[in-house]
$ cat start-v3.txt   # compact mmCIF, N, CA, C and O atoms
# COMPACT_ATOMS: atom_id res chain seq x y z
N MET S 6 -44.46 8.92 -3.56
CA MET S 6 -44.50 8.15 -4.78
C MET S 6 -43.49 7.01 -4.66
O MET S 6 -42.33 7.24 -4.35
N ALA S 7 -43.91 5.81 -4.88
CA ALA S 7 -43.04 4.64 -4.80
C ALA S 7 -42.18 4.54 -6.06
O ALA S 7 -42.65 4.80 -7.17
N ARG S 8 -40.93 4.22 -5.84
CA ARG S 8 -40.01 4.05 -6.98
C ARG S 8 -39.66 2.57 -7.12
O ARG S 8 -39.58 1.85 -6.14
N SER S 9 -39.43 2.16 -8.35
CA SER S 9 -39.07 0.77 -8.59
C SER S 9 -37.60 0.56 -8.22
O SER S 9 -36.83 1.51 -8.05
N PHE S 10 -37.24 -0.70 -8.11
CA PHE S 10 -35.86 -1.05 -7.80
C PHE S 10 -34.91 -0.48 -8.85
O PHE S 10 -33.84 0.04 -8.51
N LEU S 11 -35.27 -0.55 -10.10
CA LEU S 11 -34.41 -0.04 -11.18
C LEU S 11 -34.21 1.46 -11.07
O LEU S 11 -33.11 1.97 -11.30
N GLN S 12 -35.25 2.20 -10.69
CA GLN S 12 -35.11 3.65 -10.52
C GLN S 12 -34.17 3.98 -9.35
O GLN S 12 -33.35 4.87 -9.45
N VAL S 13 -34.33 3.25 -8.27
CA VAL S 13 -33.45 3.48 -7.11
C VAL S 13 -32.01 3.12 -7.46
O VAL S 13 -31.08 3.86 -7.16
N ALA S 14 -31.82 1.97 -8.12
CA ALA S 14 -30.48 1.53 -8.49
C ALA S 14 -29.81 2.51 -9.44
O ALA S 14 -28.60 2.75 -9.36
N ALA S 15 -30.58 3.11 -10.34
CA ALA S 15 -30.03 4.05 -11.31
C ALA S 15 -29.56 5.35 -10.65
O ALA S 15 -28.65 6.01 -11.13
N THR S 16 -30.18 5.71 -9.52
CA THR S 16 -29.82 6.96 -8.86
C THR S 16 -28.77 6.77 -7.76
O THR S 16 -28.30 7.74 -7.19
N GLU S 17 -28.42 5.51 -7.45
CA GLU S 17 -27.41 5.25 -6.43
C GLU S 17 -26.07 5.81 -6.87
O GLU S 17 -25.70 5.75 -8.04
N GLU S 18 -25.35 6.38 -5.92
CA GLU S 18 -24.02 6.89 -6.23
C GLU S 18 -23.05 5.74 -6.39
O GLU S 18 -23.10 4.77 -5.66
N VAL S 19 -22.18 5.87 -7.36
CA VAL S 19 -21.16 4.86 -7.57
C VAL S 19 -20.01 5.18 -6.62
O VAL S 19 -19.51 6.31 -6.59
N ALA S 20 -19.61 4.19 -5.82
CA ALA S 20 -18.51 4.39 -4.87
C ALA S 20 -17.21 4.63 -5.64
O ALA S 20 -16.93 3.94 -6.62
N SER S 21 -16.46 5.61 -5.19
CA SER S 21 -15.19 5.88 -5.86
C SER S 21 -14.19 4.80 -5.49
O SER S 21 -14.18 4.32 -4.36
N PRO S 22 -13.34 4.40 -6.43
CA PRO S 22 -12.36 3.36 -6.13
C PRO S 22 -11.32 3.88 -5.13
O PRO S 22 -11.03 5.07 -5.07
N LEU S 23 -10.81 2.95 -4.32
CA LEU S 23 -9.78 3.33 -3.35
C LEU S 23 -8.49 3.65 -4.09
O LEU S 23 -8.06 2.90 -4.96
N ARG S 24 -7.89 4.75 -3.73
CA ARG S 24 -6.63 5.16 -4.35
C ARG S 24 -5.48 5.19 -3.35
O ARG S 24 -4.33 5.09 -3.72
N VAL S 25 -5.84 5.33 -2.05
CA VAL S 25 -4.82 5.47 -1.01
C VAL S 25 -5.20 4.61 0.18
O VAL S 25 -6.37 4.55 0.56
N VAL S 26 -4.21 3.94 0.77
CA VAL S 26 -4.40 3.24 2.04
C VAL S 26 -3.53 3.95 3.06
O VAL S 26 -2.31 4.03 2.90
N GLN S 27 -4.17 4.50 4.09
CA GLN S 27 -3.46 5.23 5.14
C GLN S 27 -3.46 4.35 6.38
O GLN S 27 -4.52 3.99 6.89
N ILE S 28 -2.27 4.00 6.88
CA ILE S 28 -2.14 3.09 8.02
C ILE S 28 -1.59 3.86 9.22
O ILE S 28 -0.51 4.45 9.14
N GLU S 29 -2.32 3.84 10.32
CA GLU S 29 -1.85 4.46 11.56
C GLU S 29 -0.65 3.67 12.08
O GLU S 29 -0.58 2.45 11.93
N GLY S 30 0.25 4.36 12.74
CA GLY S 30 1.42 3.71 13.32
C GLY S 30 1.06 2.63 14.32
O GLY S 30 1.73 1.60 14.41
N LEU S 31 -0.02 2.85 15.08
CA LEU S 31 -0.48 1.87 16.06
C LEU S 31 -0.77 0.53 15.40
O LEU S 31 -0.44 -0.53 15.94
N VAL S 32 -1.36 0.55 14.22
CA VAL S 32 -1.70 -0.69 13.51
C VAL S 32 -0.42 -1.44 13.15
O VAL S 32 -0.31 -2.65 13.38
N VAL S 33 0.54 -0.75 12.61
CA VAL S 33 1.81 -1.38 12.21
C VAL S 33 2.50 -1.98 13.43
O VAL S 33 2.96 -3.13 13.41
N LEU S 34 2.55 -1.23 14.53
CA LEU S 34 3.22 -1.73 15.74
C LEU S 34 2.51 -2.95 16.32
O LEU S 34 3.16 -3.90 16.77
N LYS S 35 1.18 -2.95 16.32
CA LYS S 35 0.44 -4.11 16.84
C LYS S 35 0.67 -5.35 15.99
O LYS S 35 0.81 -6.45 16.51
N ILE S 36 0.73 -5.18 14.67
CA ILE S 36 0.98 -6.32 13.78
C ILE S 36 2.38 -6.86 14.01
O ILE S 36 2.58 -8.08 14.13
N ILE S 37 3.37 -5.98 14.13
CA ILE S 37 4.75 -6.41 14.37
C ILE S 37 4.85 -7.15 15.71
O ILE S 37 5.47 -8.21 15.81
N LYS S 38 4.20 -6.61 16.75
CA LYS S 38 4.24 -7.24 18.08
C LYS S 38 3.63 -8.64 18.03
O LYS S 38 4.20 -9.60 18.57
N HIS S 39 2.50 -8.77 17.37
CA HIS S 39 1.83 -10.07 17.28
C HIS S 39 2.70 -11.07 16.53
O HIS S 39 2.81 -12.24 16.93
N CYS S 40 3.34 -10.63 15.46
CA CYS S 40 4.22 -11.51 14.68
C CYS S 40 5.41 -11.98 15.51
O CYS S 40 5.76 -13.16 15.49
N LYS S 41 6.02 -11.05 16.25
CA LYS S 41 7.20 -11.41 17.04
C LYS S 41 6.85 -12.36 18.18
O LYS S 41 7.64 -13.23 18.52
N GLU S 42 5.68 -12.19 18.79
CA GLU S 42 5.28 -13.05 19.90
C GLU S 42 5.13 -14.51 19.48
O GLU S 42 5.36 -15.41 20.27
N PHE S 43 4.71 -14.75 18.24
CA PHE S 43 4.43 -16.11 17.79
C PHE S 43 5.34 -16.56 16.66
O PHE S 43 5.04 -17.55 15.99
N SER S 44 6.44 -15.85 16.45
CA SER S 44 7.38 -16.21 15.38
C SER S 44 7.91 -17.61 15.62
O SER S 44 8.18 -17.98 16.75
N PRO S 45 8.05 -18.43 14.64
CA PRO S 45 7.88 -18.24 13.20
C PRO S 45 6.50 -18.66 12.70
O PRO S 45 6.33 -18.88 11.51
N SER S 46 5.52 -18.78 13.57
CA SER S 46 4.19 -19.21 13.15
C SER S 46 3.47 -18.13 12.36
O SER S 46 3.77 -16.94 12.49
N LEU S 47 2.47 -18.55 11.61
CA LEU S 47 1.60 -17.65 10.87
C LEU S 47 0.59 -17.08 11.85
O LEU S 47 0.05 -17.80 12.68
N VAL S 48 0.34 -15.78 11.80
CA VAL S 48 -0.64 -15.14 12.68
C VAL S 48 -1.67 -14.39 11.84
O VAL S 48 -1.39 -13.98 10.72
N THR S 49 -2.86 -14.23 12.42
CA THR S 49 -3.92 -13.51 11.73
C THR S 49 -4.57 -12.51 12.67
O THR S 49 -4.46 -12.63 13.89
N GLY S 50 -5.24 -11.54 12.08
CA GLY S 50 -5.94 -10.55 12.88
C GLY S 50 -6.92 -9.78 12.03
O GLY S 50 -7.01 -9.98 10.82
N GLN S 51 -7.65 -8.91 12.68
CA GLN S 51 -8.68 -8.12 12.00
C GLN S 51 -8.24 -6.67 11.92
O GLN S 51 -7.75 -6.10 12.89
N LEU S 52 -8.41 -6.06 10.74
CA LEU S 52 -8.08 -4.66 10.51
C LEU S 52 -9.35 -3.83 10.60
O LEU S 52 -10.37 -4.18 10.01
N LEU S 53 -9.28 -2.73 11.33
CA LEU S 53 -10.43 -1.87 11.54
C LEU S 53 -10.15 -0.48 10.99
O LEU S 53 -9.00 -0.03 10.96
N GLY S 54 -11.19 0.22 10.58
CA GLY S 54 -10.99 1.57 10.10
C GLY S 54 -12.21 2.09 9.36
O GLY S 54 -13.33 1.67 9.59
N LEU S 55 -11.93 3.00 8.44
CA LEU S 55 -12.98 3.69 7.70
C LEU S 55 -12.56 3.84 6.25
O LEU S 55 -11.37 3.93 5.96
N ASP S 56 -13.53 3.89 5.36
CA ASP S 56 -13.18 4.30 4.01
C ASP S 56 -13.88 5.63 3.76
O ASP S 56 -15.07 5.77 3.90
N VAL S 57 -13.07 6.62 3.49
CA VAL S 57 -13.54 7.99 3.29
C VAL S 57 -13.19 8.39 1.87
O VAL S 57 -12.03 8.64 1.56
N GLY S 58 -14.19 8.39 1.01
CA GLY S 58 -13.92 8.71 -0.39
C GLY S 58 -13.02 7.67 -1.01
O GLY S 58 -13.32 6.48 -1.00
N SER S 59 -11.88 8.12 -1.51
CA SER S 59 -10.94 7.19 -2.14
C SER S 59 -9.81 6.79 -1.20
O SER S 59 -8.82 6.22 -1.64
N VAL S 60 -9.96 7.07 0.10
CA VAL S 60 -8.93 6.75 1.09
C VAL S 60 -9.45 5.69 2.06
O VAL S 60 -10.52 5.83 2.64
N LEU S 61 -8.69 4.62 2.22
CA LEU S 61 -8.98 3.60 3.22
C LEU S 61 -8.07 3.88 4.41
O LEU S 61 -6.85 3.84 4.28
N GLU S 62 -8.67 4.22 5.55
CA GLU S 62 -7.91 4.53 6.75
C GLU S 62 -7.92 3.34 7.69
O GLU S 62 -8.98 2.94 8.18
N LEU S 63 -6.75 2.74 7.94
CA LEU S 63 -6.64 1.66 8.91
C LEU S 63 -6.28 2.31 10.24
O LEU S 63 -5.19 2.85 10.40
N THR S 64 -7.22 2.27 11.20
CA THR S 64 -7.04 2.99 12.46
C THR S 64 -6.74 2.10 13.65
O THR S 64 -6.25 2.57 14.66
N ASN S 65 -7.06 0.80 13.54
CA ASN S 65 -6.82 -0.10 14.67
C ASN S 65 -6.81 -1.53 14.14
O ASN S 65 -7.20 -1.79 13.01
N CYS S 66 -6.38 -2.45 14.98
CA CYS S 66 -6.42 -3.86 14.64
C CYS S 66 -6.37 -4.66 15.93
O CYS S 66 -6.05 -4.13 16.99
N PHE S 67 -6.72 -5.93 15.83
CA PHE S 67 -6.54 -6.82 16.98
C PHE S 67 -6.24 -8.21 16.46
O PHE S 67 -6.70 -8.62 15.41
N PRO S 68 -5.40 -8.94 17.21
CA PRO S 68 -5.00 -10.28 16.78
C PRO S 68 -6.08 -11.31 17.09
O PRO S 68 -6.86 -11.14 18.03
N PHE S 69 -6.12 -12.37 16.32
CA PHE S 69 -6.97 -13.49 16.64
C PHE S 69 -6.17 -14.41 17.56
O PHE S 69 -4.96 -14.57 17.39
N PRO S 70 -6.83 -15.02 18.53
CA PRO S 70 -6.11 -15.90 19.45
C PRO S 70 -5.56 -17.13 18.73
O PRO S 70 -6.15 -17.60 17.76
N ILE S 71 -4.46 -17.62 19.23
CA ILE S 71 -3.84 -18.81 18.67
C ILE S 71 -3.97 -19.91 19.71
O ILE S 71 -3.57 -19.74 20.86
N GLY S 72 -4.56 -21.03 19.30
CA GLY S 72 -4.76 -22.15 20.22
C GLY S 72 -4.07 -23.40 19.72
O GLY S 72 -3.50 -23.43 18.64
N GLU S 73 -4.17 -24.42 20.52
CA GLU S 73 -3.53 -25.70 20.18
C GLU S 73 -4.35 -26.49 19.16
O GLU S 73 -3.82 -27.12 18.29
N GLU S 74 -5.66 -26.46 19.30
CA GLU S 74 -6.55 -27.26 18.45
C GLU S 74 -7.22 -26.37 17.40
O GLU S 74 -7.74 -25.31 17.73
N ASP S 75 -7.25 -26.81 16.15
CA ASP S 75 -7.91 -26.05 15.09
C ASP S 75 -9.40 -25.90 15.34
O ASP S 75 -9.98 -24.86 15.09
N GLU S 76 -10.04 -26.97 15.83
CA GLU S 76 -11.48 -26.92 16.10
C GLU S 76 -11.78 -25.89 17.19
O GLU S 76 -12.77 -25.18 17.14
N GLU S 77 -10.91 -25.84 18.18
CA GLU S 77 -11.08 -24.88 19.28
C GLU S 77 -10.99 -23.45 18.77
O GLU S 77 -11.76 -22.59 19.16
N ILE S 78 -10.06 -23.21 17.87
CA ILE S 78 -9.87 -21.86 17.32
C ILE S 78 -11.12 -21.44 16.54
O ILE S 78 -11.59 -20.32 16.69
N GLU S 79 -11.66 -22.33 15.72
CA GLU S 79 -12.82 -21.98 14.90
C GLU S 79 -14.04 -21.66 15.76
O GLU S 79 -14.75 -20.70 15.48
N SER S 80 -14.27 -22.44 16.79
CA SER S 80 -15.46 -22.21 17.61
C SER S 80 -15.32 -20.96 18.48
O SER S 80 -16.26 -20.19 18.63
N ASP S 81 -14.14 -20.75 19.04
CA ASP S 81 -13.93 -19.59 19.89
C ASP S 81 -13.65 -18.32 19.09
O ASP S 81 -13.88 -17.22 19.58
N GLY S 82 -13.14 -18.46 17.87
CA GLY S 82 -12.75 -17.30 17.07
C GLY S 82 -13.89 -16.36 16.77
O GLY S 82 -13.76 -15.14 16.88
N ALA S 83 -15.04 -16.90 16.41
CA ALA S 83 -16.19 -16.05 16.08
C ALA S 83 -16.68 -15.31 17.32
O ALA S 83 -16.97 -14.11 17.26
N ASN S 84 -16.74 -16.01 18.45
CA ASN S 84 -17.17 -15.35 19.69
C ASN S 84 -16.17 -14.27 20.12
O ASN S 84 -16.57 -13.19 20.56
N TYR S 85 -14.88 -14.57 19.99
CA TYR S 85 -13.84 -13.60 20.35
C TYR S 85 -13.97 -12.34 19.50
O TYR S 85 -13.92 -11.22 19.99
N GLN S 86 -14.16 -12.54 18.21
CA GLN S 86 -14.26 -11.42 17.27
C GLN S 86 -15.47 -10.55 17.60
O GLN S 86 -15.36 -9.32 17.66
N LEU S 87 -16.63 -11.16 17.86
CA LEU S 87 -17.82 -10.39 18.21
C LEU S 87 -17.65 -9.64 19.52
O LEU S 87 -18.06 -8.49 19.66
N GLU S 88 -17.01 -10.27 20.50
CA GLU S 88 -16.80 -9.62 21.80
C GLU S 88 -15.84 -8.43 21.65
O GLU S 88 -16.05 -7.38 22.25
N MET S 89 -14.79 -8.59 20.84
CA MET S 89 -13.85 -7.47 20.61
C MET S 89 -14.56 -6.30 19.94
O MET S 89 -14.37 -5.15 20.33
N MET S 90 -15.39 -6.59 18.96
CA MET S 90 -16.12 -5.53 18.26
C MET S 90 -17.06 -4.81 19.22
O MET S 90 -17.18 -3.59 19.19
N ARG S 91 -17.72 -5.55 20.10
CA ARG S 91 -18.63 -4.95 21.08
C ARG S 91 -17.86 -4.05 22.05
O ARG S 91 -18.26 -2.92 22.32
N CYS S 92 -16.72 -4.53 22.52
CA CYS S 92 -15.91 -3.74 23.45
C CYS S 92 -15.39 -2.46 22.79
O CYS S 92 -15.40 -1.39 23.41
N LEU S 93 -14.95 -2.55 21.56
CA LEU S 93 -14.45 -1.38 20.85
C LEU S 93 -15.57 -0.36 20.62
O LEU S 93 -15.36 0.84 20.74
N ARG S 94 -16.76 -0.85 20.31
CA ARG S 94 -17.90 0.04 20.10
C ARG S 94 -18.24 0.77 21.40
O ARG S 94 -18.57 1.95 21.39
N GLU S 95 -18.13 0.07 22.54
CA GLU S 95 -18.44 0.67 23.84
C GLU S 95 -17.51 1.83 24.19
O GLU S 95 -17.91 2.77 24.85
N VAL S 96 -16.24 1.75 23.77
CA VAL S 96 -15.29 2.82 24.07
C VAL S 96 -15.14 3.79 22.90
O VAL S 96 -14.20 4.58 22.85
N ASN S 97 -16.05 3.69 21.93
CA ASN S 97 -16.13 4.64 20.82
C ASN S 97 -14.90 4.62 19.91
O ASN S 97 -14.41 5.65 19.48
N VAL S 98 -14.40 3.42 19.62
CA VAL S 98 -13.27 3.25 18.70
C VAL S 98 -13.85 2.82 17.36
O VAL S 98 -14.85 2.09 17.32
N ASP S 99 -13.21 3.25 16.27
CA ASP S 99 -13.65 2.80 14.94
C ASP S 99 -13.69 1.28 14.96
O ASP S 99 -12.69 0.63 15.26
N ASN S 100 -14.84 0.71 14.65
CA ASN S 100 -14.93 -0.74 14.69
C ASN S 100 -15.50 -1.31 13.40
O ASN S 100 -16.11 -2.36 13.40
N ASN S 101 -15.27 -0.63 12.31
CA ASN S 101 -15.69 -1.13 11.00
C ASN S 101 -14.60 -2.05 10.47
O ASN S 101 -13.44 -1.64 10.32
N THR S 102 -14.95 -3.28 10.16
CA THR S 102 -13.98 -4.22 9.62
C THR S 102 -13.64 -3.80 8.20
O THR S 102 -14.53 -3.67 7.37
N VAL S 103 -12.36 -3.60 7.93
CA VAL S 103 -11.94 -3.25 6.57
C VAL S 103 -11.01 -4.31 5.98
O VAL S 103 -10.60 -4.19 4.84
N GLY S 104 -10.70 -5.34 6.75
CA GLY S 104 -9.86 -6.41 6.23
C GLY S 104 -9.30 -7.29 7.31
O GLY S 104 -9.56 -7.09 8.50
N TRP S 105 -8.51 -8.27 6.87
CA TRP S 105 -7.84 -9.18 7.79
C TRP S 105 -6.38 -9.22 7.42
O TRP S 105 -6.01 -9.07 6.27
N SER S 106 -5.56 -9.44 8.42
CA SER S 106 -4.13 -9.52 8.15
C SER S 106 -3.66 -10.94 8.40
O SER S 106 -4.13 -11.62 9.32
N VAL S 107 -2.76 -11.40 7.57
CA VAL S 107 -2.08 -12.67 7.76
C VAL S 107 -0.62 -12.36 7.64
O VAL S 107 -0.16 -11.83 6.63
N SER S 108 0.12 -12.63 8.69
CA SER S 108 1.52 -12.19 8.71
C SER S 108 2.42 -13.25 9.33
O SER S 108 1.98 -14.06 10.13
N PHE S 109 3.67 -13.16 9.00
CA PHE S 109 4.69 -13.95 9.68
C PHE S 109 6.01 -13.24 9.52
O PHE S 109 6.22 -12.45 8.60
N ILE S 110 6.90 -13.48 10.47
CA ILE S 110 8.24 -12.91 10.40
C ILE S 110 9.22 -14.07 10.30
O ILE S 110 9.15 -15.02 11.07
N LEU S 111 10.08 -13.98 9.34
CA LEU S 111 11.12 -15.01 9.20
C LEU S 111 12.20 -14.78 10.23
O LEU S 111 12.63 -13.66 10.44
N SER S 112 12.61 -15.87 10.87
CA SER S 112 13.67 -15.69 11.87
C SER S 112 15.04 -15.81 11.26
O SER S 112 15.25 -16.21 10.21

$ encode --input "start-v3.txt" --output "structure tokens"
Amino acid sequence: MARSFLQVAATEEVASPLRVVQIEGLVVLKIIKHCKEFSPSLVTGQLLGLDVGSVLELTNCFPFPIGEEDEEIESDGANYQLEMMRCLREVNVDNNTVGWSVSFILS
């Protein structure tokens, strides 16, 4: 029996709001390392993990490359991000994007 969109939407489970963010030590160390390498510049990266119920688990991250030209970064950034996600999937690492980090360390 076919159901209408409204019937399907009415039976969809409502996602529980996130109440806890759990960050693996590896993620914190990688962010700190990336910040120190390029201090005092602003750095960015991608946060990976899972959301399980009301818990967001940050299990891994990787930095975005920093280049001299803004145009170069934009064109290469998307390819770099896709290649990293493919590589992580191949070695069976959580590769669900859960956010992006923007960080800097004051000297």

$ atom_distance --input "start-v3.txt" --atom1 "CA of Ser108 (chain S)" --atom2 "CA of Cys92 (chain S)"
24.3 Å

$ atom_distance --input "start-v3.txt" --atom1 "atom C of Pro45 (chain S)" --atom2 "atom O of Thr102 (chain S)"
26.4 Å

$ atom_distance --input "start-v3.txt" --atom1 "atom N of Asp81 (chain S)" --atom2 "atom N of Leu31 (chain S)"
27.8 Å

$ residues_around --input "start-v3.txt" --residues "Val98 (chain S)" --least-positions-apart "4" --cutoff "10 Å" --atoms "only C-alpha atoms" --output "PyMOL selection string"
chain S and resi 53-54+64-65+90+92-94

$ closest_residue --input "start-v3.txt" --among "S:Leu55, S:Val103, S:Ile28, S:Ile36" --to "Pro68 (chain S)" --atoms "only N, CA, C and O atoms"
S:Ile36

$ closest_residue --input "start-v3.txt" --among "S:Gly104, S:Gly50, S:Pro70, S:Gly58" --to "Pro22 (chain S)" --atoms "only C-alpha atoms"
S:Gly58

$ closest_residue --input "start-v3.txt" --among "S:Val48, S:Val107, S:Met89, S:Leu63" --to "Glu29 (chain S)" --atoms "only N, CA, C and O atoms"
S:Leu63

$ axis_aligned_box --input "start-v3.txt" --around "region 59-74 of chain S" --padding-each-side "8 Å" --output "JSON"
{"center_x": -7.7, "center_y": -9.6, "center_z": 9.4, "size_x": 24.4, "size_y": 51.4, "size_z": 39.0}

$ residues_around --input "start-v3.txt" --residues "Leu23 (chain S)" --least-positions-apart "4" --cutoff "6 Å" --atoms "only N, CA, C and O atoms" --output "list in words"
Gly58, Ser59, Val60 and Leu61 of chain S

$ residues_near_point --input "start-v3.txt" --point "(1.7, -10.9, 13.4)" --cutoff "8 Å" --atoms "all atoms listed in the file" --output "tab-separated table (two decimals) with N, CA, C and O atoms, in the frame of the given file"
chain	number	residue	atom	x	y	z
S	33	VAL	N	0.54	-0.75	12.61
S	33	VAL	CA	1.81	-1.38	12.21
S	33	VAL	C	2.50	-1.98	13.43
S	33	VAL	O	2.96	-3.13	13.41
S	34	LEU	N	2.55	-1.23	14.53
S	34	LEU	CA	3.22	-1.73	15.74
S	34	LEU	C	2.51	-2.95	16.32
S	34	LEU	O	3.16	-3.90	16.77
S	35	LYS	N	1.18	-2.95	16.32
S	35	LYS	CA	0.44	-4.11	16.84
S	35	LYS	C	0.67	-5.35	15.99
S	35	LYS	O	0.81	-6.45	16.51
S	36	ILE	N	0.73	-5.18	14.67
S	36	ILE	CA	0.98	-6.32	13.78
S	36	ILE	C	2.38	-6.86	14.01
S	36	ILE	O	2.58	-8.08	14.13
S	37	ILE	N	3.37	-5.98	14.13
S	37	ILE	CA	4.75	-6.41	14.37
S	37	ILE	C	4.85	-7.15	15.71
S	37	ILE	O	5.47	-8.21	15.81
S	38	LYS	N	4.20	-6.61	16.75
S	38	LYS	CA	4.24	-7.24	18.08
S	38	LYS	C	3.63	-8.64	18.03
S	38	LYS	O	4.20	-9.60	18.57
S	39	HIS	N	2.50	-8.77	17.37
S	39	HIS	CA	1.83	-10.07	17.28
S	39	HIS	C	2.70	-11.07	16.53
S	39	HIS	O	2.81	-12.24	16.93
S	40	CYS	N	3.34	-10.63	15.46
S	40	CYS	CA	4.22	-11.51	14.68
S	40	CYS	C	5.41	-11.98	15.51
S	40	CYS	O	5.76	-13.16	15.49
S	41	LYS	N	6.02	-11.05	16.25
S	41	LYS	CA	7.20	-11.41	17.04
S	41	LYS	C	6.85	-12.36	18.18
S	41	LYS	O	7.64	-13.23	18.52
S	42	GLU	N	5.68	-12.19	18.79
S	42	GLU	CA	5.28	-13.05	19.90
S	42	GLU	C	5.13	-14.51	19.48
S	42	GLU	O	5.36	-15.41	20.27
S	43	PHE	N	4.71	-14.75	18.24
S	43	PHE	CA	4.43	-16.11	17.79
S	43	PHE	C	5.34	-16.56	16.66
S	43	PHE	O	5.04	-17.55	15.99
S	44	SER	N	6.44	-15.85	16.45
S	44	SER	CA	7.38	-16.21	15.38
S	44	SER	C	7.91	-17.61	15.62
S	44	SER	O	8.18	-17.98	16.75
S	46	SER	N	5.52	-18.78	13.57
S	46	SER	CA	4.19	-19.21	13.15
S	46	SER	C	3.47	-18.13	12.36
S	46	SER	O	3.77	-16.94	12.49
S	47	LEU	N	2.47	-18.55	11.61
S	47	LEU	CA	1.60	-17.65	10.87
S	47	LEU	C	0.59	-17.08	11.85
S	47	LEU	O	0.05	-17.80	12.68
S	48	VAL	N	0.34	-15.78	11.80
S	48	VAL	CA	-0.64	-15.14	12.68
S	48	VAL	C	-1.67	-14.39	11.84
S	48	VAL	O	-1.39	-13.98	10.72
S	49	THR	N	-2.86	-14.23	12.42
S	49	THR	CA	-3.92	-13.51	11.73
S	49	THR	C	-4.57	-12.51	12.67
S	49	THR	O	-4.46	-12.63	13.89
S	50	GLY	N	-5.24	-11.54	12.08
S	50	GLY	CA	-5.94	-10.55	12.88
S	50	GLY	C	-6.92	-9.78	12.03
S	50	GLY	O	-7.01	-9.98	10.82
S	68	PRO	N	-5.40	-8.94	17.21
S	68	PRO	CA	-5.00	-10.28	16.78
S	68	PRO	C	-6.08	-11.31	17.09
S	68	PRO	O	-6.86	-11.14	18.03
S	106	SER	N	-5.56	-9.44	8.42
S	106	SER	CA	-4.13	-9.52	8.15
S	106	SER	C	-3.66	-10.94	8.40
S	106	SER	O	-4.13	-11.62	9.32
S	107	VAL	N	-2.76	-11.40	7.57
S	107	VAL	CA	-2.08	-12.67	7.76
S	107	VAL	C	-0.62	-12.36	7.64
S	107	VAL	O	-0.16	-11.83	6.63
S	108	SER	N	0.12	-12.63	8.69
S	108	SER	CA	1.52	-12.19	8.71
S	108	SER	C	2.42	-13.25	9.33
S	108	SER	O	1.98	-14.06	10.13
S	109	PHE	N	3.67	-13.16	9.00
S	109	PHE	CA	4.69	-13.95	9.68
S	109	PHE	C	6.01	-13.24	9.52
S	109	PHE	O	6.22	-12.45	8.60
S	110	ILE	N	6.90	-13.48	10.47
S	110	ILE	CA	8.24	-12.91	10.40
S	110	ILE	C	9.22	-14.07	10.30
S	110	ILE	O	9.15	-15.02	11.07

$ closest_residue --input "start-v3.txt" --among "S:Leu52, S:Cys66, S:Ile71, S:Val57" --to "Ser21 (chain S)" --atoms "only N, CA, C and O atoms"
S:Val57

$ closest_residue --input "start-v3.txt" --among "S:Trp105, S:Phe69, S:Val32, S:Arg24" --to "Glu88 (chain S)" --atoms "only C-alpha atoms"
S:Phe69

$ closest_residue --input "start-v3.txt" --among "S:Glu62, S:Val96, S:Ser9, S:Asp56" --to "Val26 (chain S)" --atoms "only C-alpha atoms"
S:Glu62
